[in-house]
Amino acid sequence: MSAEQSTRSSASKVPLWRLPAFRAIVFQVLLVLGILAFGYYLLSNTLQNMEQRGITTGFGFLSNEAGFGILQSLIPYDETYSYGRTFLVGLLNTLLVAVLGIFFATMLGFFIGIARLSPNWLVARLATAYIEIFRNIPLLLQIMFWYFAVLRPLPLPRQSLSVGDAVFLNNRGLFIPKPVAEDGFWLVGLAFVVAVLAVIGIARWARRRQNATGAQFPTASAGLALLVGVPLLVYWLSGSPLHWDYPVLGGFNFSGGLEVIPELAALTLALSIYTAAFIAEAVRSGIMAVSHGQTEAAYALGLRPRVTLKLVVIPQAMRVIIPQLTSQYLNLTKNSSLATAIGYPDLVNVFAGTTLNQTGQAVEVIAMTMAVYLSISLAISMFMNWYNKRNQLIER
Amino acid sequence: MKARFGIGLGAVLALTGVAHAGATLDAVKNKGFVQCGVSTGLPGFSAADDKGAFTGIDVDMCRGVAAAIFGDADKVKYSPLTAKERFTALQSGEIDMLPRNTTWTYTRDSSLGLNFTGVNYYDGQGFLVTKNLGVKSALEMDGASFCIQAGTTTELNLADYFRTNGMKYTPITFDTSDQTIKAFEAGRCDALTSDQSQLYALRIKLQDPNSAMVLPEVISKEPLGPVVRQGDDEWFNIVRWTLFAMINGEELGVSSTNVDEMKAKSTDPNVRRLLGLEGVKGEWMGLPDEWGYNIVKLVGNYGEVFERNVGEGSALGISRGLNALWSKGGIQYAPPIR
């Protein structure tokens, strides 16, 4: 008791500035204040300089009328919409190509990565060649290659390649019939939702049953049958509430239907192929990180090679693959800004390009664009980290 | 892409630096050359020839300014810029002047912190189409696709024109004029639209220039001129009067070939003032008195510059039209040097 008192009183006699804990806090506060002051200096100085030079500042321009057209828009847009709207149009186009790219790159990457480990000599060498070629050519060149390689050989609109007068391909893009929902189509949608819920239920039940009795249930094929069959049945029963809007050649090009512009095709192709090469290597490293003893043990238990891959190797490999996969997804998203080279109207082309130039407000536009890429990347990162945590080895 | 952000970020950083008031001329004299922003390659306006030397009507503006300041037209360094990069480069101080076939508009003059010094080429927007498309007028092009250079007045004019005429169009925008002509040649678009002078310049880049033609319509006014930063009146005057000296030179019949003779013999006070022999002082702009003589001697008068780069004798073969002197049916007109 007295000893404790004496240490406390002696501690209180030590000057405050000699306490390590106190000093640590002071220095950190000073550092933060310094950084804030520097940031404030940069900001105020920029604003002052721009004012001095007569450059308009602020975000008021976002509500001004844009007055220029955009090649592809997922939301309604024409020249009379605002600059703020061009931001959204560009952002959605960026997200579209990023999502498509991530999907195809992952599919292709896993396929090539596994193929590279194949015992088949030819398949393994082909996969190696693919990786070495596409990984080592600059992405910009690949985008240009696909753009001009895809464009040049295709015919003009009037000589389009067509499949059954419904699907047309020419150098302006790919035109396919667009499904248009009529009244009552919501029933089909509802049926689909019900089917999804049913499949989830069945999967849970099948797992419980297998855990309890060891008997297996063909969940995959049953689920597929439900997902396709139920909506189809409802669609037929409710009298086919859907018609197709066919593309029609009129004047210079096709109108109606769904259009895939060649810029989108070339960009998706280049991004997927390029990133897939890196993903393939990540997959290979992941699989090779799983010790061979695991596979042998699985075989010894009588598991077939496919099941071994699915239940033993891949779940363990994922722990190595996911962090690398995250980087590749981030790269792909950021690389999508190369779109500007071939005129795909992504965020950089539309917003940090035309809008920046027409308004002249470089600081605001570039800041917004950087903030968007940062947010998208952080969002992907957060999701992948969450997924990674779920897949981590839980040590007991 | 990286370059694009580089420029943007560069601008941000440059704008955060401490602004020094005026004195572009002092800075130019100190470094010994004029840093000039030009296009990434537009024959007749600014393009590098096979020896790597830049030529063109815009390049001659830079050379004129260098001649006026240094008495040496070669003291120029060029920064090739895309349409999207040009204003940021000028605002941030990366270049001293921007003669880059840039259209003088209200927005640019009043909200970008820039000033247009004059008009060195009166232009208008037109359309380039392939001959086998069978189109005779832009009004027949409802629903067509157009290749455009991003960040230009062209984008806005096209939208206005089609909206006014109640027609639809598809714009495909590229960074450089080279990319637009490549996409046009690949058949990605039905027409390429740009300033008419550029259409002639781009047409000669086609593998078969005769396969394409320029439609007769001109849908906009495009006065192109050199741009400088706002807030340095001295520098503004130098660039503006370099152009005026060229135009006055043509009007007075003074050319690079006869300027020495005129200097020795002419008794016309207008000529003598242009050549710095009497009346006016170069030091009012911080220049030597023979600044006008140097411009005409080393670069030429406006007529010579026009003919050499874009005129009927050049590869582009454009007639003077609006760009003839006011006394010869055009609208090129310069205030007198007195």
# chains A, B, ... in the order shown; residues from 1 in each chain; ligands from 1
>>> closest_atom_pairs(of="chain A", to="chain B", cutoff="8 Å", atoms="only C-alpha atoms", output="tab-separated table")
residue	atom	partner	partner_atom	distance
A:Leu42	CA	B:Thr16	CA	5.6
A:Leu43	CA	B:Thr16	CA	7.3
A:Asn45	CA	B:Thr16	CA	5.6
A:Thr46	CA	B:Thr16	CA	4.3
A:Asn49	CA	B:Ala19	CA	6.1
A:Met50	CA	B:Leu15	CA	7.0
A:Arg53	CA	B:Gly113	CA	5.2
A:Gly54	CA	B:Gly113	CA	4.3
A:Ile55	CA	B:Gly113	CA	4.5
A:Thr56	CA	B:Ser111	CA	5.3
A:Gly67	CA	B:Leu156	CA	5.7
A:Phe68	CA	B:Leu156	CA	5.0
A:Gly69	CA	B:Pro171	CA	6.1
A:Ile70	CA	B:Pro171	CA	6.1
A:Leu71	CA	B:Pro171	CA	5.3
A:Glu79	CA	B:Ala159	CA	6.6
A:Phe148	CA	B:Ala186	CA	7.7
A:Leu151	CA	B:Ala186	CA	6.8
A:Arg152	CA	B:Ala186	CA	5.5
A:Leu156	CA	B:Gly187	CA	7.1
A:Asn171	CA	B:Arg188	CA	6.0
A:Arg172	CA	B:Arg188	CA	6.0
A:Gly251	CA	B:Gly143	CA	6.8
A:Phe252	CA	B:Ala144	CA	5.3
A:Asn253	CA	B:Gly143	CA	7.0
A:Ser337	CA	B:Met1	CA	6.3
A:Leu338	CA	B:Met1	CA	5.4
A:Thr340	CA	B:Phe174	CA	7.0
A:Ala341	CA	B:Asp175	CA	6.8
A:Ile342	CA	B:Phe174	CA	6.6
A:Gly343	CA	B:Phe174	CA	4.9
A:Tyr344	CA	B:Ile172	CA	7.9
A:Pro345	CA	B:Thr173	CA	7.9
A:Gly353	CA	B:Lys84	CA	6.2
A:Thr354	CA	B:Gly151	CA	4.5
A:Thr355	CA	B:Gly151	CA	7.5
A:Leu356	CA	B:Lys84	CA	7.7
A:Asn357	CA	B:Gly151	CA	5.1
A:Gln358	CA	B:Gly151	CA	6.2
A:Thr359	CA	B:Thr107	CA	7.8
A:Gly360	CA	B:Leu112	CA	5.8
A:Gln361	CA	B:Leu112	CA	7.8
A:Ala362	CA	B:Gly8	CA	6.5
A:Val363	CA	B:Val12	CA	5.8
A:Ile366	CA	B:Gly8	CA	6.3
>>> select_by_dssp(residues="region 24-261 of chain B", states="helix (DSSP H, G or I)", output="ChimeraX atom specification")
/B:24-31,57-70,86-91,106-111,131-133,138-140,153-164,177-185,196-203,209-211,233-252,259-261
>>> residues_around(residues="Val38 (chain B)", least_positions_apart="3", cutoff="12 Å", atoms="only C-alpha atoms", output="VMD selection string")
chain B and resid 35 41 to 48 54 to 62 76 to 83 85 to 87 89 to 90 95 to 102 225 to 227
>>> atom_distance(atom1="CA of Trp291 (chain B)", atom2="CA of Leu274 (chain B)")
8.5 Å
>>> residues_around(residues="Ser375 (chain A)", least_positions_apart="4", cutoff="12 Å", atoms="only C-alpha atoms", output="list in words")
Leu91, Leu95, Leu330, Thr333, Lys334, Met368, Thr369, Met370, Ala371, Ala379, Ile380, Ser381 and Met382 of chain A
>>> select_by_dssp(residues="region 31-171 of chain A", states="strand (DSSP E)", output="MDAnalysis selection string")
chainID A and resid 161:163 167:170
>>> write_last_selection(atoms="N, CA and C atoms", output="PDB file, in the first residue's frame")
ATOM      1  N   LEU A 161     -22.330  -9.066 -91.162  1.00  0.00           N
ATOM      2  CA  LEU A 161     -22.494 -10.506 -90.994  1.00  0.00           C
ATOM      3  C   LEU A 161     -23.747 -10.689 -90.156  1.00  0.00           C
ATOM      4  N   SER A 162     -24.617 -11.620 -90.550  1.00  0.00           N
ATOM      5  CA  SER A 162     -25.828 -11.765 -89.758  1.00  0.00           C
ATOM      6  C   SER A 162     -26.134 -13.223 -89.493  1.00  0.00           C
ATOM      7  N   VAL A 163     -26.792 -13.463 -88.376  1.00  0.00           N
ATOM      8  CA  VAL A 163     -27.270 -14.792 -88.023  1.00  0.00           C
ATOM      9  C   VAL A 163     -28.788 -14.718 -87.967  1.00  0.00           C
ATOM     10  N   VAL A 167     -29.182 -11.356 -85.318  1.00  0.00           N
ATOM     11  CA  VAL A 167     -27.906 -10.931 -84.752  1.00  0.00           C
ATOM     12  C   VAL A 167     -27.043 -10.404 -85.890  1.00  0.00           C
ATOM     13  N   PHE A 168     -26.510  -9.189 -85.718  1.00  0.00           N
ATOM     14  CA  PHE A 168     -25.697  -8.591 -86.769  1.00  0.00           C
ATOM     15  C   PHE A 168     -24.353  -8.183 -86.206  1.00  0.00           C
ATOM     16  N   LEU A 169     -23.313  -8.375 -87.023  1.00  0.00           N
ATOM     17  CA  LEU A 169     -21.979  -7.976 -86.604  1.00  0.00           C
ATOM     18  C   LEU A 169     -21.365  -7.128 -87.699  1.00  0.00           C
ATOM     19  N   ASN A 170     -20.932  -5.927 -87.349  1.00  0.00           N
ATOM     20  CA  ASN A 170     -20.214  -5.089 -88.308  1.00  0.00           C
ATOM     21  C   ASN A 170     -19.228  -4.228 -87.541  1.00  0.00           C
TER      22      ASN A 170
END
>>> atom_distance(atom1="CA of Phe254 (chain A)", atom2="CA of Tyr77 (chain A)")
19.3 Å
>>> atom_distance(atom1="CA of Leu258 (chain A)", atom2="CA of Ile176 (chain A)")
5.2 Å
>>> residues_around(residues="Ile114 (chain A)", least_positions_apart="6", cutoff="8 Å", atoms="only C-alpha atoms", output="PDB file with N, CA, C and O atoms, in the first residue's frame")
ATOM      1  N   ALA A 280      -3.598 -16.421 -63.574  1.00  0.00           N
ATOM      2  CA  ALA A 280      -3.186 -17.809 -63.777  1.00  0.00           C
ATOM      3  C   ALA A 280      -1.960 -18.125 -62.928  1.00  0.00           C
ATOM      4  O   ALA A 280      -1.880 -19.184 -62.294  1.00  0.00           O
ATOM      5  N   VAL A 283      -2.979 -18.444 -59.344  1.00  0.00           N
ATOM      6  CA  VAL A 283      -3.653 -19.718 -59.109  1.00  0.00           C
ATOM      7  C   VAL A 283      -2.626 -20.842 -59.017  1.00  0.00           C
ATOM      8  O   VAL A 283      -2.666 -21.695 -58.134  1.00  0.00           O
ATOM      9  N   ARG A 284      -1.654 -20.813 -59.945  1.00  0.00           N
ATOM     10  CA  ARG A 284      -0.635 -21.851 -59.931  1.00  0.00           C
ATOM     11  C   ARG A 284       0.148 -21.813 -58.618  1.00  0.00           C
ATOM     12  O   ARG A 284       0.379 -22.840 -57.976  1.00  0.00           O
TER      13      ARG A 284
END
>>> residues_around(residues="His243 (chain A)", least_positions_apart="3", cutoff="12 Å", atoms="only C-alpha atoms", output="short mmCIF file (atom, residue, chain, number, x, y, z; two decimals) with all heavy atoms, in the first residue's frame")
data_model
loop_
_atom_site.label_atom_id
_atom_site.label_comp_id
_atom_site.auth_asym_id
_atom_site.auth_seq_id
_atom_site.Cartn_x
_atom_site.Cartn_y
_atom_site.Cartn_z
N PRO A 177 -30.94 -9.02 -80.54
CA PRO A 177 -32.30 -8.65 -80.14
C PRO A 177 -32.36 -8.38 -78.65
O PRO A 177 -31.66 -9.01 -77.85
CB PRO A 177 -33.11 -9.90 -80.50
CG PRO A 177 -32.30 -10.64 -81.47
CD PRO A 177 -30.87 -10.37 -81.12
N LYS A 178 -33.20 -7.42 -78.30
CA LYS A 178 -33.31 -7.04 -76.89
C LYS A 178 -34.65 -7.55 -76.36
O LYS A 178 -35.68 -7.29 -76.98
CB LYS A 178 -33.24 -5.53 -76.76
CG LYS A 178 -33.32 -5.05 -75.32
CD LYS A 178 -32.90 -3.60 -75.19
CE LYS A 178 -33.99 -2.65 -75.62
NZ LYS A 178 -33.63 -1.24 -75.39
N PRO A 179 -34.66 -8.29 -75.24
CA PRO A 179 -35.94 -8.73 -74.67
C PRO A 179 -36.66 -7.54 -74.04
O PRO A 179 -36.05 -6.76 -73.31
CB PRO A 179 -35.52 -9.75 -73.62
CG PRO A 179 -34.15 -9.37 -73.24
CD PRO A 179 -33.51 -8.75 -74.46
N VAL A 180 -37.92 -7.39 -74.36
CA VAL A 180 -38.71 -6.32 -73.76
C VAL A 180 -39.82 -6.96 -72.96
O VAL A 180 -40.64 -7.71 -73.49
CB VAL A 180 -39.29 -5.39 -74.83
CG1 VAL A 180 -40.09 -4.27 -74.18
CG2 VAL A 180 -38.20 -4.83 -75.70
N ALA A 181 -39.86 -6.66 -71.65
CA ALA A 181 -40.86 -7.28 -70.78
C ALA A 181 -42.22 -6.61 -70.99
O ALA A 181 -42.31 -5.41 -71.15
CB ALA A 181 -40.43 -7.12 -69.33
N GLU A 182 -43.26 -7.44 -71.00
CA GLU A 182 -44.62 -6.90 -71.07
C GLU A 182 -45.28 -7.03 -69.70
O GLU A 182 -44.67 -7.52 -68.76
CB GLU A 182 -45.43 -7.67 -72.11
CG GLU A 182 -45.00 -7.38 -73.53
CD GLU A 182 -45.58 -8.38 -74.52
OE1 GLU A 182 -46.45 -9.18 -74.10
OE2 GLU A 182 -45.16 -8.36 -75.68
N ASP A 183 -46.54 -6.60 -69.62
CA ASP A 183 -47.27 -6.74 -68.35
C ASP A 183 -47.28 -8.21 -67.95
O ASP A 183 -47.47 -9.09 -68.78
CB ASP A 183 -48.74 -6.28 -68.53
CG ASP A 183 -48.80 -4.78 -68.74
OD1 ASP A 183 -47.76 -4.13 -68.48
OD2 ASP A 183 -49.84 -4.28 -69.17
N PHE A 185 -44.81 -9.86 -66.67
CA PHE A 185 -43.50 -10.50 -66.66
C PHE A 185 -42.96 -10.62 -65.23
O PHE A 185 -42.12 -11.46 -64.96
CB PHE A 185 -42.52 -9.71 -67.53
CG PHE A 185 -41.22 -10.43 -67.75
CD1 PHE A 185 -41.15 -11.52 -68.59
CD2 PHE A 185 -40.05 -10.04 -67.09
CE1 PHE A 185 -39.97 -12.21 -68.78
CE2 PHE A 185 -38.87 -10.72 -67.27
CZ PHE A 185 -38.83 -11.81 -68.12
N TYR A 235 -43.39 -18.75 -67.18
CA TYR A 235 -43.39 -17.94 -68.40
C TYR A 235 -44.40 -18.50 -69.40
O TYR A 235 -45.20 -17.79 -69.99
CB TYR A 235 -41.98 -17.96 -68.99
CG TYR A 235 -41.85 -17.28 -70.33
CD1 TYR A 235 -41.90 -15.90 -70.44
CD2 TYR A 235 -41.64 -18.03 -71.49
CE1 TYR A 235 -41.78 -15.27 -71.67
CE2 TYR A 235 -41.51 -17.41 -72.72
CZ TYR A 235 -41.58 -16.04 -72.80
OH TYR A 235 -41.46 -15.42 -74.02
N GLY A 239 -48.52 -17.05 -70.47
CA GLY A 239 -48.77 -16.63 -71.85
C GLY A 239 -47.64 -15.82 -72.47
O GLY A 239 -47.88 -14.87 -73.20
N SER A 240 -46.38 -16.21 -72.19
CA SER A 240 -45.20 -15.60 -72.82
C SER A 240 -45.21 -14.07 -72.80
O SER A 240 -45.31 -13.45 -73.87
CB SER A 240 -45.04 -16.09 -74.27
OG SER A 240 -45.21 -17.47 -74.33
N TYR A 246 -35.95 -6.36 -82.35
CA TYR A 246 -34.88 -6.74 -83.27
C TYR A 246 -34.15 -5.51 -83.80
O TYR A 246 -34.77 -4.47 -84.05
CB TYR A 246 -35.44 -7.53 -84.45
CG TYR A 246 -35.89 -8.90 -84.06
CD1 TYR A 246 -37.21 -9.17 -83.75
CD2 TYR A 246 -34.96 -9.95 -83.98
CE1 TYR A 246 -37.62 -10.43 -83.37
CE2 TYR A 246 -35.36 -11.22 -83.61
CZ TYR A 246 -36.69 -11.45 -83.30
OH TYR A 246 -37.08 -12.69 -82.92
N GLY A 257 -32.73 -3.03 -80.59
CA GLY A 257 -31.92 -4.14 -80.11
C GLY A 257 -30.86 -3.69 -79.12
O GLY A 257 -30.81 -2.53 -78.72
#
>>> residues_around(residues="Arg63 (chain B)", least_positions_apart="2", cutoff="9 Å", atoms="only C-alpha atoms", output="ChimeraX atom specification")
/B:34,58-61,65-68,72-76,295,298-299
